[in-house]
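Trainee: File name target17.txt; file contents compact mmCIF, C-alpha atoms and all ligand atoms; full text below.
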# COMPACT_ATOMS: atom_id res chain seq x y z
CA MET A 811 174.16 232.91 44.20
CA PRO A 812 173.83 230.32 41.43
CA TYR A 813 175.05 231.44 38.02
CA ASP A 814 172.21 232.84 35.93
CA ALA A 815 172.99 232.46 32.26
CA SER A 816 170.41 235.08 31.28
CA LEU A 817 172.40 237.79 33.03
CA PRO A 818 174.48 240.12 30.86
CA PRO A 819 178.22 240.30 31.51
CA ALA A 820 179.10 241.81 34.87
CA ARG A 821 181.18 244.57 33.27
CA PRO A 822 179.07 247.71 32.85
CA PHE A 823 177.78 248.01 29.30
CA LEU A 824 176.40 251.38 28.26
CA TRP A 825 173.17 251.87 26.38
CA GLY A 826 172.94 255.14 24.53
CA ALA A 827 171.88 257.07 21.46
CA ALA A 828 173.83 259.23 19.03
CA THR A 829 173.42 262.41 16.96
CA SER A 830 175.71 264.88 15.23
CA ALA A 831 175.86 268.66 15.30
CA TYR A 832 174.94 269.62 11.74
CA GLN A 833 172.19 267.01 11.58
CA ILE A 834 170.24 268.32 14.59
CA GLU A 835 171.36 271.71 15.88
CA GLY A 836 170.05 274.24 13.36
CA ALA A 837 170.81 277.84 14.44
CA ALA A 838 173.27 277.85 11.56
CA ALA A 839 173.92 281.59 11.58
CA GLU A 840 173.41 282.34 15.26
CA ASP A 841 175.61 283.42 18.13
CA GLY A 842 178.68 283.78 15.95
CA ARG A 843 178.75 280.35 14.28
CA GLY A 844 180.80 280.43 11.08
CA PRO A 845 179.73 278.60 7.91
CA SER A 846 180.82 275.00 7.38
CA ILE A 847 181.23 273.06 4.16
CA TRP A 848 177.74 271.60 4.64
CA ASP A 849 176.17 275.08 4.67
CA THR A 850 177.87 275.72 1.34
CA PHE A 851 177.14 272.29 -0.14
CA CYS A 852 173.41 272.42 0.68
CA ARG A 853 173.12 275.51 -1.50
CA ILE A 854 174.29 273.72 -4.64
CA PRO A 855 171.17 272.94 -6.72
CA GLY A 856 170.55 269.19 -6.78
CA ALA A 857 173.00 268.34 -4.00
CA ILE A 858 170.32 267.48 -1.42
CA ALA A 859 167.37 265.27 -2.41
CA ASP A 860 164.70 267.55 -0.96
CA ALA A 861 166.68 270.80 -1.50
CA SER A 862 166.85 271.25 2.27
CA SER A 863 169.70 272.12 4.63
CA GLY A 864 170.61 271.95 8.30
CA ASP A 865 169.73 275.64 8.80
CA ILE A 866 166.97 274.68 11.24
CA ALA A 867 167.18 270.87 11.41
CA CYS A 868 165.70 269.74 14.76
CA ASP A 869 166.26 273.18 16.27
CA HIS A 870 168.14 271.39 19.01
CA TYR A 871 170.25 274.49 19.71
CA HIS A 872 167.13 276.23 21.01
CA ARG A 873 165.51 273.15 22.54
CA LEU A 874 168.47 271.87 24.48
CA ASP A 875 166.76 271.53 27.86
CA SER A 876 163.68 269.75 26.59
CA ASP A 877 165.81 267.42 24.45
CA LEU A 878 167.93 266.62 27.51
CA ASP A 879 164.75 265.83 29.43
CA LEU A 880 163.70 263.57 26.58
CA MET A 881 166.97 261.65 26.92
CA ARG A 882 166.51 261.29 30.64
CA GLY A 883 162.95 260.12 30.10
CA LEU A 884 164.27 257.34 27.86
CA GLY A 885 166.72 256.30 30.56
CA LEU A 886 169.76 256.74 28.29
CA GLN A 887 173.00 256.00 30.10
CA ALA A 888 175.17 257.67 27.49
CA TYR A 889 174.71 260.20 24.70
CA ARG A 890 177.05 260.60 21.75
CA PHE A 891 177.09 264.06 20.14
CA SER A 892 179.51 266.06 18.04
CA VAL A 893 180.87 269.55 18.43
CA SER A 894 180.46 271.90 15.49
CA TRP A 895 183.98 273.18 14.83
CA SER A 896 182.73 276.37 13.17
CA ARG A 897 180.48 277.12 16.13
CA VAL A 898 183.38 277.14 18.56
CA GLN A 899 186.07 278.44 16.19
CA PRO A 900 184.26 280.12 13.29
CA ALA A 901 187.22 280.33 10.89
CA GLY A 902 188.68 276.96 11.89
CA ALA A 903 191.76 278.71 13.26
CA GLY A 904 192.43 281.60 15.57
CA ALA A 905 189.62 283.30 17.45
CA VAL A 906 187.33 281.22 19.63
CA ASN A 907 183.60 281.97 19.79
CA PRO A 908 182.60 282.00 23.49
CA PRO A 909 178.83 281.58 22.97
CA GLY A 910 179.53 278.51 20.82
CA LEU A 911 181.66 276.89 23.49
CA GLY A 912 179.03 277.92 26.02
CA PHE A 913 176.44 275.82 24.21
CA TYR A 914 178.53 272.67 24.63
CA ASP A 915 179.22 273.58 28.25
CA ARG A 916 175.48 273.64 28.87
CA LEU A 917 174.97 270.42 26.93
CA VAL A 918 177.64 268.57 28.91
CA ASP A 919 176.50 269.94 32.26
CA GLY A 920 172.89 269.15 31.39
CA LEU A 921 173.83 265.55 30.60
CA LEU A 922 175.78 265.16 33.82
CA GLU A 923 172.90 266.61 35.86
CA ARG A 924 170.74 263.88 34.37
CA ALA A 925 173.34 261.15 34.99
CA ILE A 926 173.95 260.62 31.24
CA ALA A 927 177.58 260.07 30.22
CA PRO A 928 178.70 262.54 27.50
CA TYR A 929 180.53 260.90 24.56
CA LEU A 930 182.00 263.69 22.48
CA THR A 931 183.06 263.50 18.82
CA LEU A 932 185.19 266.37 17.52
CA TYR A 933 184.51 266.06 13.81
CA HIS A 934 181.31 264.77 12.30
CA TRP A 935 181.87 266.18 8.78
CA ASP A 936 181.27 269.92 9.20
CA LEU A 937 184.63 271.50 8.33
CA PRO A 938 184.72 275.28 8.70
CA GLN A 939 184.32 276.73 5.19
CA ALA A 940 187.30 279.04 5.77
CA LEU A 941 189.54 275.96 5.97
CA GLN A 942 187.99 274.47 2.83
CA ASP A 943 188.87 277.73 1.07
CA ARG A 944 192.49 276.95 1.99
CA GLY A 945 192.40 273.42 0.59
CA GLY A 946 190.31 271.59 3.21
CA TRP A 947 191.43 268.07 4.11
CA GLY A 948 193.46 268.02 0.90
CA ALA A 949 195.85 270.39 2.67
CA ARG A 950 198.20 269.12 5.35
CA ASP A 951 197.69 272.32 7.30
CA THR A 952 194.08 271.30 8.08
CA ALA A 953 195.41 268.39 10.17
CA LEU A 954 197.44 270.88 12.23
CA ARG A 955 194.43 273.17 12.67
CA PHE A 956 192.39 270.15 13.77
CA ALA A 957 194.90 269.39 16.52
CA ASP A 958 194.63 272.99 17.77
CA TYR A 959 190.84 272.75 17.76
CA ALA A 960 191.02 269.42 19.65
CA ALA A 961 193.20 271.03 22.31
CA LEU A 962 190.82 273.93 22.76
CA VAL A 963 187.80 271.64 23.16
CA GLY A 964 189.82 269.37 25.47
CA ARG A 965 190.84 272.29 27.68
CA ARG A 966 187.26 273.46 28.00
CA LEU A 967 185.28 270.20 28.24
CA GLY A 968 187.91 267.55 29.02
CA ASP A 969 187.18 267.66 32.72
CA ARG A 970 183.56 266.58 32.24
CA VAL A 971 183.06 264.34 29.20
CA ALA A 972 183.38 260.54 29.34
CA SER A 973 185.56 260.28 26.25
CA ILE A 974 186.63 262.13 23.11
CA ALA A 975 186.57 260.63 19.63
CA THR A 976 188.48 262.55 16.98
CA HIS A 977 186.76 261.74 13.67
CA ASN A 978 183.51 260.16 12.64
CA GLU A 979 184.08 257.80 9.69
CA PRO A 980 187.16 259.30 8.02
CA GLY A 981 186.83 256.83 5.14
CA VAL A 982 183.36 258.14 4.32
CA VAL A 983 184.56 261.75 4.43
CA ALA A 984 187.26 260.88 1.92
CA GLU A 985 185.15 258.75 -0.41
CA LEU A 986 181.77 260.48 -0.45
CA GLY A 987 183.16 263.99 -0.01
CA HIS A 988 186.14 263.81 -2.36
CA GLN A 989 185.72 260.88 -4.74
CA THR A 990 182.03 260.41 -5.52
CA GLY A 991 181.11 263.97 -4.55
CA VAL A 992 177.74 263.16 -2.99
CA HIS A 993 178.75 264.78 0.32
CA ALA A 994 180.38 268.11 1.06
CA PRO A 995 182.65 269.47 -0.27
CA GLY A 996 181.39 267.65 -3.39
CA LEU A 997 184.75 266.91 -5.07
CA ARG A 998 185.41 264.01 -7.41
CA GLU A 999 189.02 262.98 -7.63
CA ARG A 1000 190.43 259.72 -6.35
CA ARG A 1001 194.01 260.95 -5.89
CA LEU A 1002 192.68 263.78 -3.73
CA ALA A 1003 190.40 261.42 -1.80
CA MET A 1004 193.36 259.23 -0.87
CA GLN A 1005 195.40 262.23 0.22
CA VAL A 1006 192.41 263.28 2.30
CA THR A 1007 192.29 259.90 4.08
CA HIS A 1008 195.90 260.41 5.05
CA HIS A 1009 195.38 263.96 6.30
CA LEU A 1010 192.31 262.91 8.28
CA LEU A 1011 194.28 260.15 9.96
CA LEU A 1012 197.22 262.47 10.52
CA GLY A 1013 194.81 264.99 12.05
CA HIS A 1014 193.50 262.23 14.32
CA GLY A 1015 196.99 261.34 15.55
CA LEU A 1016 198.02 264.96 16.04
CA ALA A 1017 194.77 265.66 17.89
CA VAL A 1018 195.38 262.73 20.25
CA GLN A 1019 198.89 264.04 20.92
CA ALA A 1020 197.58 267.60 21.42
CA LEU A 1021 194.89 266.39 23.84
CA ARG A 1022 197.49 264.51 25.85
CA ALA A 1023 199.75 267.58 25.80
CA VAL A 1024 197.04 269.72 27.42
CA GLY A 1025 196.73 267.13 30.17
CA THR A 1026 193.59 265.27 29.02
CA ARG A 1027 193.49 261.91 30.76
CA LEU A 1028 190.22 260.82 29.19
CA PRO A 1029 189.80 257.79 26.98
CA LEU A 1030 190.58 258.96 23.43
CA GLY A 1031 189.63 257.19 20.23
CA ILE A 1032 188.16 257.38 16.74
CA VAL A 1033 184.89 256.26 15.14
CA LEU A 1034 185.03 254.16 11.97
CA SER A 1035 182.44 253.05 9.49
CA ALA A 1036 182.59 249.31 9.57
CA ALA A 1037 181.23 246.70 7.24
CA ALA A 1038 181.79 243.05 6.64
CA VAL A 1039 182.75 242.83 2.95
CA HIS A 1040 181.47 239.77 1.11
CA PRO A 1041 182.05 238.73 -2.51
CA ALA A 1042 178.79 238.79 -4.47
CA THR A 1043 179.58 235.32 -5.89
CA GLY A 1044 182.27 232.68 -5.48
CA ASP A 1045 183.96 233.83 -8.76
CA ALA A 1046 187.66 234.48 -8.31
CA ALA A 1047 187.23 238.03 -9.67
CA ASP A 1048 184.55 238.83 -7.08
CA VAL A 1049 186.64 237.34 -4.28
CA ALA A 1050 189.58 239.51 -5.34
CA GLN A 1051 187.33 242.57 -5.48
CA ALA A 1052 186.08 241.84 -1.95
CA ARG A 1053 189.67 241.64 -0.73
CA LEU A 1054 190.41 245.01 -2.35
CA GLU A 1055 187.29 246.68 -0.92
CA ASP A 1056 188.06 245.29 2.51
CA GLY A 1057 191.53 246.75 2.02
CA LEU A 1058 190.19 250.17 1.11
CA ARG A 1059 187.43 250.32 3.72
CA VAL A 1060 188.76 248.35 6.69
CA ARG A 1061 192.48 247.54 6.53
CA TRP A 1062 193.54 250.94 5.15
CA THR A 1063 192.46 252.73 8.30
CA LEU A 1064 193.09 250.04 10.89
CA ASP A 1065 196.56 249.11 9.59
CA ALA A 1066 197.49 252.79 9.78
CA LEU A 1067 196.00 253.33 13.25
CA MET A 1068 197.28 250.12 14.79
CA HIS A 1069 200.52 249.45 12.91
CA GLY A 1070 201.51 252.78 11.36
CA ARG A 1071 201.46 251.54 7.75
CA TYR A 1072 199.11 251.34 4.79
CA PRO A 1073 198.41 247.86 3.37
CA ALA A 1074 200.82 246.93 0.58
CA ASP A 1075 198.19 245.39 -1.72
CA VAL A 1076 196.07 248.55 -1.60
CA LEU A 1077 199.09 250.80 -2.20
CA GLU A 1078 199.96 248.70 -5.21
CA HIS A 1079 196.42 248.91 -6.54
CA LEU A 1080 196.38 252.70 -6.09
CA GLY A 1081 199.66 253.26 -7.90
CA ALA A 1082 199.97 256.97 -8.65
CA ASP A 1083 196.81 257.69 -6.62
CA ALA A 1084 198.50 256.63 -3.37
CA PRO A 1085 198.83 259.54 -0.93
CA SER A 1086 202.12 261.18 -0.27
CA VAL A 1087 203.25 260.55 3.28
CA ARG A 1088 205.97 262.69 4.80
CA GLY A 1089 208.65 261.56 7.25
CA ASP A 1090 207.28 260.11 10.43
CA GLU A 1091 203.63 261.05 9.88
CA LEU A 1092 202.50 257.46 10.25
CA ASP A 1093 204.04 257.37 13.73
CA SER A 1094 201.66 260.18 14.67
CA VAL A 1095 198.74 258.33 13.09
CA ARG A 1096 199.37 255.38 15.37
CA ALA A 1097 199.42 257.45 18.57
CA PRO A 1098 198.06 255.12 21.29
CA ILE A 1099 194.27 255.24 21.69
CA ASP A 1100 191.91 253.86 24.30
CA PHE A 1101 188.89 252.83 22.25
CA ILE A 1102 187.57 252.30 18.74
CA GLY A 1103 184.02 253.24 17.82
CA LEU A 1104 182.34 251.22 15.08
CA ASN A 1105 179.30 252.37 13.13
CA TYR A 1106 177.48 249.43 11.61
CA TYR A 1107 174.49 249.47 9.26
CA THR A 1108 174.93 246.73 6.67
CA ARG A 1109 177.46 244.60 4.84
CA THR A 1110 179.18 245.45 1.57
CA LEU A 1111 178.70 243.10 -1.36
CA ALA A 1112 181.64 243.30 -3.72
CA SER A 1113 181.57 242.36 -7.38
CA ALA A 1114 184.18 242.81 -10.05
CA LYS A 1115 181.66 243.91 -12.66
CA PRO A 1116 178.74 246.19 -11.91
CA ARG A 1117 175.75 243.92 -11.56
CA ARG A 1118 172.25 244.17 -10.29
CA LEU A 1119 171.84 242.64 -6.88
CA GLY A 1120 169.57 239.66 -6.77
CA PRO A 1121 165.90 240.06 -5.84
CA ALA A 1122 164.31 239.09 -2.47
CA PRO A 1123 164.84 237.44 0.03
CA ARG A 1124 167.02 240.47 0.82
CA VAL A 1125 165.41 242.52 3.58
CA VAL A 1126 166.28 246.19 3.27
CA THR A 1127 165.63 249.37 5.25
CA ASP A 1128 164.31 252.60 3.77
CA MET A 1129 167.90 253.45 2.74
CA GLY A 1130 167.86 250.31 0.58
CA TRP A 1131 170.51 248.87 2.92
CA GLU A 1132 170.31 245.13 3.44
CA VAL A 1133 169.64 244.01 7.01
CA VAL A 1134 172.53 241.71 8.00
CA PRO A 1135 172.95 241.50 11.78
CA GLN A 1136 175.25 238.48 11.57
CA GLY A 1137 177.66 240.71 9.62
CA LEU A 1138 178.20 242.66 12.83
CA THR A 1139 179.12 239.55 14.81
CA GLU A 1140 181.40 238.46 12.00
CA LEU A 1141 183.08 241.86 11.81
CA LEU A 1142 183.67 242.07 15.55
CA LEU A 1143 185.18 238.58 15.66
CA ARG A 1144 187.36 239.31 12.66
CA LEU A 1145 188.68 242.63 14.02
CA HIS A 1146 189.34 240.94 17.35
CA ARG A 1147 191.32 238.22 15.56
CA ASP A 1148 193.26 240.41 13.11
CA TYR A 1149 194.02 243.49 15.24
CA ARG A 1150 194.65 243.81 18.92
CA LEU A 1151 192.03 246.52 19.21
CA PRO A 1152 191.39 248.55 22.34
CA PRO A 1153 187.85 248.30 23.79
CA ILE A 1154 185.11 248.77 21.20
CA TYR A 1155 181.92 250.80 21.30
CA ILE A 1156 179.18 250.40 18.71
CA THR A 1157 178.89 254.14 18.23
CA GLU A 1158 176.08 253.98 15.65
CA CYS A 1159 173.60 251.32 14.63
CA GLY A 1160 170.06 251.87 13.45
CA ALA A 1161 167.58 251.86 10.60
CA ALA A 1162 165.67 254.30 8.43
CA CYS A 1163 161.99 253.38 8.21
CA ARG A 1164 158.98 254.91 6.50
CA ASP A 1165 157.62 256.21 9.78
CA ARG A 1166 154.18 257.77 9.87
CA LEU A 1167 152.58 259.64 12.70
CA ASP A 1168 149.35 257.78 13.33
CA ASP A 1169 147.08 259.12 16.03
CA GLY A 1170 149.99 260.29 18.14
CA ARG A 1171 151.96 257.05 17.75
CA VAL A 1172 154.61 255.77 15.36
CA HIS A 1173 154.51 252.02 14.91
CA ASP A 1174 158.06 251.29 13.78
CA ALA A 1175 158.16 247.55 14.37
CA GLN A 1176 160.88 247.15 11.72
CA ARG A 1177 163.23 249.42 13.71
CA VAL A 1178 162.55 247.52 16.94
CA ASP A 1179 163.43 244.26 15.19
CA PHE A 1180 166.52 245.79 13.66
CA ILE A 1181 167.86 247.11 16.94
CA ARG A 1182 167.03 243.94 18.83
CA GLN A 1183 168.75 241.75 16.25
CA HIS A 1184 171.86 243.92 16.20
CA ILE A 1185 172.13 243.99 19.98
CA ALA A 1186 171.92 240.20 19.92
CA ALA A 1187 174.65 240.17 17.26
CA VAL A 1188 176.91 242.26 19.51
CA GLU A 1189 176.20 240.02 22.47
CA ARG A 1190 177.20 236.95 20.49
CA ALA A 1191 180.57 238.59 19.86
CA VAL A 1192 180.90 239.58 23.54
CA ASP A 1193 180.18 235.99 24.55
CA ALA A 1194 182.96 234.91 22.21
CA GLY A 1195 185.39 237.21 24.02
CA VAL A 1196 185.30 240.53 22.14
CA ASP A 1197 185.58 243.54 24.45
CA VAL A 1198 182.57 245.69 23.50
CA ARG A 1199 181.53 248.27 26.08
CA GLY A 1200 178.50 250.07 24.74
CA PHE A 1201 175.85 250.44 22.06
CA PHE A 1202 174.52 253.73 20.70
CA VAL A 1203 171.39 253.73 18.55
CA TRP A 1204 171.53 256.01 15.54
CA SER A 1205 169.70 258.18 16.16
CA LEU A 1206 168.03 259.85 19.11
CA LEU A 1207 165.96 262.06 16.78
CA ASP A 1208 164.91 262.03 13.15
CA ASN A 1209 167.31 264.47 11.55
CA PHE A 1210 168.99 265.88 8.45
CA GLU A 1211 170.27 262.77 6.69
CA TRP A 1212 172.95 264.48 4.57
CA ALA A 1213 172.29 264.20 0.81
CA HIS A 1214 168.87 262.65 1.57
CA GLY A 1215 167.76 265.71 3.50
CA TYR A 1216 164.79 265.03 5.75
CA SER A 1217 163.39 262.24 3.57
CA LYS A 1218 164.96 259.48 5.69
CA ARG A 1219 164.03 258.99 9.33
CA PHE A 1220 166.44 257.20 11.68
CA GLY A 1221 165.17 258.49 15.04
CA LEU A 1222 163.89 256.67 18.08
CA VAL A 1223 161.98 259.91 18.43
CA TYR A 1224 159.85 261.25 15.60
CA VAL A 1225 160.31 264.90 14.72
CA ASP A 1226 157.35 266.71 13.20
CA TYR A 1227 159.44 269.33 11.42
CA PRO A 1228 156.78 272.04 10.88
CA THR A 1229 156.04 272.17 14.63
CA GLN A 1230 159.28 270.63 15.96
CA ARG A 1231 157.11 268.40 18.12
CA ARG A 1232 158.89 265.26 19.40
CA VAL A 1233 156.93 261.99 19.57
CA LEU A 1234 158.37 258.81 21.05
CA LYS A 1235 158.14 256.05 18.46
CA ASP A 1236 157.37 252.48 19.51
CA SER A 1237 161.13 251.84 19.23
CA ALA A 1238 161.82 254.54 21.85
CA LEU A 1239 159.29 252.96 24.20
CA TRP A 1240 160.83 249.56 23.56
CA TYR A 1241 164.41 250.86 24.13
CA ARG A 1242 163.34 252.53 27.36
CA GLU A 1243 161.96 249.21 28.66
CA PHE A 1244 165.00 247.36 27.42
CA ILE A 1245 167.47 249.66 29.18
CA ALA A 1246 165.44 249.54 32.38
CA SER A 1247 165.30 245.74 32.35
CA ARG A 1248 169.05 245.48 31.76
CA GLN A 1249 169.65 247.87 34.62
CA GLN A 1250 167.48 245.78 36.91
CA GLN A 1251 169.38 242.64 35.99
CA ARG A 1252 172.63 244.33 36.97
CA ALA A 1253 171.32 245.75 40.22
C1 LIG A 1301 176.53 257.33 9.26
C2 LIG A 1301 176.75 258.75 9.72
C3 LIG A 1301 175.56 259.35 10.42
C4 LIG A 1301 174.26 258.98 9.72
C5 LIG A 1301 174.19 257.50 9.50
C6 LIG A 1301 172.91 257.03 8.85
O1 LIG A 1301 177.44 257.02 8.25
O2 LIG A 1301 177.85 258.79 10.61
O3 LIG A 1301 175.74 260.74 10.50
O4 LIG A 1301 174.17 259.68 8.54
O5 LIG A 1301 175.27 257.08 8.71
Take the structure from the file and write it as structure tokens.
Mentor:
Amino acid sequence: MPYDASLPPARPFLWGAATSAYQIEGAAAEDGRGPSIWDTFCRIPGAIADASSGDIACDHYHRLDSDLDLMRGLGLQAYRFSVSWSRVQPAGAGAVNPPGLGFYDRLVDGLLERAIAPYLTLYHWDLPQALQDRGGWGARDTALRFADYAALVGRRLGDRVASIATHNEPGVVAELGHQTGVHAPGLRERRLAMQVTHHLLLGHGLAVQALRAVGTRLPLGIVLSAAAVHPATGDAADVAQARLEDGLRVRWTLDALMHGRYPADVLEHLGADAPSVRGDELDSVRAPIDFIGLNYYTRTLASAKPRRLGPAPRVVTDMGWEVVPQGLTELLLRLHRDYRLPPIYITECGAACRDRLDDGRVHDAQRVDFIRQHIAAVERAVDAGVDVRGFFVWSLLDNFEWAHGYSKRFGLVYVDYPTQRRVLKDSALWYREFIASRQQQRA
């Protein structure tokens, strides 16, 4: 057959969608689930924009079968979800909660019955409150408890999922949860935040080792928040600030994961705020992994002095995040060049829009454009030789967007919260067509 340049690469590329436990499940106090730090945080007055919580969220826990049918209807090839630690191990250590594990059993089996590959994430921000009471990620012991939890999930589900990621965005957990305080547990101390990054990464490495020790042969990895960092201007001070922010957000984690060291320039900048690292902990952090997940939404503009960003022509989503698809190509090429990364998945990419239900339809043309442009950005990187294996839209459903509550909608599927009715947005219809056409091309 003659070569057809319009064909995608021969290697299978997965098209999926992503969610996380606290953002969709609800059923916060049911079937033995223990409280997590997000249950506690949501009760602090002023913490959540609309004073809401994930108590009910999308009620996914009770609507599992119909949500699985929804995924099949969209033709998803893969689904990324997270396990709620406090649902399967309510105190974060010790006793396991069988009904909680049973829920994930049903989820995984339901995906497999529908030929959807299950991509499991162990930690998407909902630490059991009992562990927070003992110091949370500021305490080294939490990393050890995380490894135990990983092993128990691996033993139960490791025979059926497609892969296991340890953390979702450890850098964001450290910064927003422990430095700026806008996420649970709401702490504000840079020294602590840096110690937390280290314990999260240590927990990752120990979890990988524990999963291997229980015989898991699955691909194991971690999901990182990824941004191309650009200086706001050509001023030397802004360029230096961009280098520092890239160090804190990108090199800090990847140098540790890939090389077992933290970058010297960032350590110097941190001075007394640098984390304490014991013995051979960094050897555990760099335990071999099989994939890296990248979540991409926008770029970071760095400036030495706080300044107001320039006016239009910046195009932004409802989060106020600038739309910069070429930043994703740039980031992928750069990571490919600077690190010998294992295969990459785009584990989250998507947009919040001001969606309105209009006569049974949601016309979210901005989201369709966003997704299309970002897929094209990934494909440019693939054409240039970067090994990317899949793309997960954030998110399958509108859901609880952390400190923004329900005020921001990221779903392909609209959720009418009072009735819990699901409505496919135009973007869902578009994605369904897109996946089907890609499948046909490969057939
Ligand atoms: C990511 C989170 C995800 C969602 C999106 C918008 O940082 O991983 O849960 O909140 O942002």
Trainee: Could you tell me how far CA of Gly883 (chain A) lies from atom C4 of ligand LIG 1301 (chain A), in Å and to one decimal?
Mentor: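 Interatomic distance here is 23.3 Å.
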Trainee: For ligand LIG 1301 (chain A), collect every residue having any atom at a distance of at most 7 Å from a ligand atom (counting all atoms listed in the file); output as a list of chain:residue names.
Mentor: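 The distance check yields A:Ser830, A:Asn978, A:Glu979, A:Ser1035, A:Asn1105, A:Trp1204, A:Glu1211, A:Trp1212.
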Trainee: Which neighbours of Arg1109 (chain A) fall inside 8 Å, counting all atoms listed in the file, when residues of the same chain fewer than 6 positions from it are skipped, and could you give them as number ranges by chain?
Mentor: A: 1037-1040, 1132, 1134, 1137
Trainee: Quick one: everything within 12 Å of Glu923 (chain A), counting only C-alpha atoms, minus sequence neighbours fewer than 2 positions away in the same chain. Send it as number ranges by chain.
Mentor: A: 875, 878-879, 881-882, 916-921, 925-928, 970
Trainee: One decimal, Å: what's the distance from CA of Pro1153 (chain A) over to CA of Gly1200 (chain A), could you say?
Mentor: 9.6 Å
Trainee: Please determine, counting all atoms listed in the file, which residue among A:Arg1171, A:Arg1164, A:Arg950, A:Arg1242 has the shortest atom-to-atom distance to Tyr1216 (chain A).
Mentor: A:Arg1164
Trainee: Excluding Asn907 (chain A) and any residue of its chain fewer than 6 positions from it, enumerate the residues within 10 Å of it, using all atoms listed in the file, and give them as a list in words.
Mentor: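 So, after excluding close chain neighbours, the residues are Asp841, Gly842, Arg843, Gly844, Ser896, Arg897, Val898, Gln899, Pro900 and Ala901 of chain A.
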Trainee: Set the distance at 9 Å and use all atoms listed in the file: which residues neighbour Met1068 (chain A) once local chain neighbours fewer than 3 positions away are removed? I'd like the list as a list in words.
Mentor: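 Near Met1068 (chain A), the qualifying residues are Thr1063, Leu1064, Asp1065, Arg1071, Val1095, Arg1096, Ala1097, Pro1098, Tyr1149, Arg1150 and Leu1151 of chain A.
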Trainee: Taking into account only C-alpha atoms, which residue in the set A:Val1087, A:Ala838, A:Cys868, A:Val1196 is nearest to Gly910 (chain A)?
Mentor: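 Between A:Val1087, A:Ala838, A:Cys868, A:Val1196, the residue approaching Gly910 (chain A) most closely is A:Ala838.
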Trainee: Which distance in Å separates CA of Asp1093 (chain A) and CA of Asp1056 (chain A), to one decimal?
Mentor: 23.0 Å
Trainee: Kindly list the centre and edge lengths in Å, rounded to one decimal, for the axis-aligned box that covers all listed atoms of region 1082-1092 of chain A plus 5 Å on each of its six sides, as JSON.
Mentor:
{"center_x": 202.7, "center_y": 259.7, "center_z": 0.9, "size_x": 21.8, "size_y": 16.1, "size_z": 29.1}
Trainee: Considering all atoms listed in the file, return as a compact mmCIF listing (two decimals) with C-alpha atoms, in the frame of the given file whatever protein or nucleic-acid residues lie within 10 Å of Val963 (chain A), sequence-local ones (same chain, fewer than 3 positions apart) excluded.
Mentor:
# COMPACT_ATOMS: atom_id res chain seq x y z
CA VAL A 893 180.87 269.55 18.43
CA TRP A 895 183.98 273.18 14.83
CA VAL A 898 183.38 277.14 18.56
CA GLN A 899 186.07 278.44 16.19
CA LEU A 911 181.66 276.89 23.49
CA TYR A 914 178.53 272.67 24.63
CA LEU A 930 182.00 263.69 22.48
CA LEU A 932 185.19 266.37 17.52
CA ALA A 957 194.90 269.39 16.52
CA ASP A 958 194.63 272.99 17.77
CA TYR A 959 190.84 272.75 17.76
CA ALA A 960 191.02 269.42 19.65
CA ARG A 966 187.26 273.46 28.00
CA LEU A 967 185.28 270.20 28.24
CA GLY A 968 187.91 267.55 29.02
CA ILE A 974 186.63 262.13 23.11
CA LEU A 1021 194.89 266.39 23.84
Trainee: Pick the closest to Gly856 (chain A) from A:Leu986, A:Val1033, A:Leu1092, A:Ala1213: which is it, counting only C-alpha atoms?
Mentor: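 Closest residue, counting only C-alpha atoms: A:Ala1213.
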Trainee: Which residue gives the smallest distance to Thr1108 (chain A) among A:Asp1193, A:Asp943, A:Asp915, A:Glu1140, with only C-alpha atoms counted?
Mentor: A:Glu1140
Trainee: Choose the residue, out of A:His988, A:His870, A:Arg1248, A:Arg1182, that has the smallest atom-to-atom separation from Thr829 (chain A); count all atoms listed in the file.
Mentor: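 Looking only at the distances to Thr829 (chain A), the closest residue turns out to be A:His870.
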Trainee: Between A:Gln1136, A:Ser1086, A:Thr931, A:Gln1249, which one has atoms that come closest to Tyr1106 (chain A), using all atoms listed in the file?
Mentor: A:Gln1136
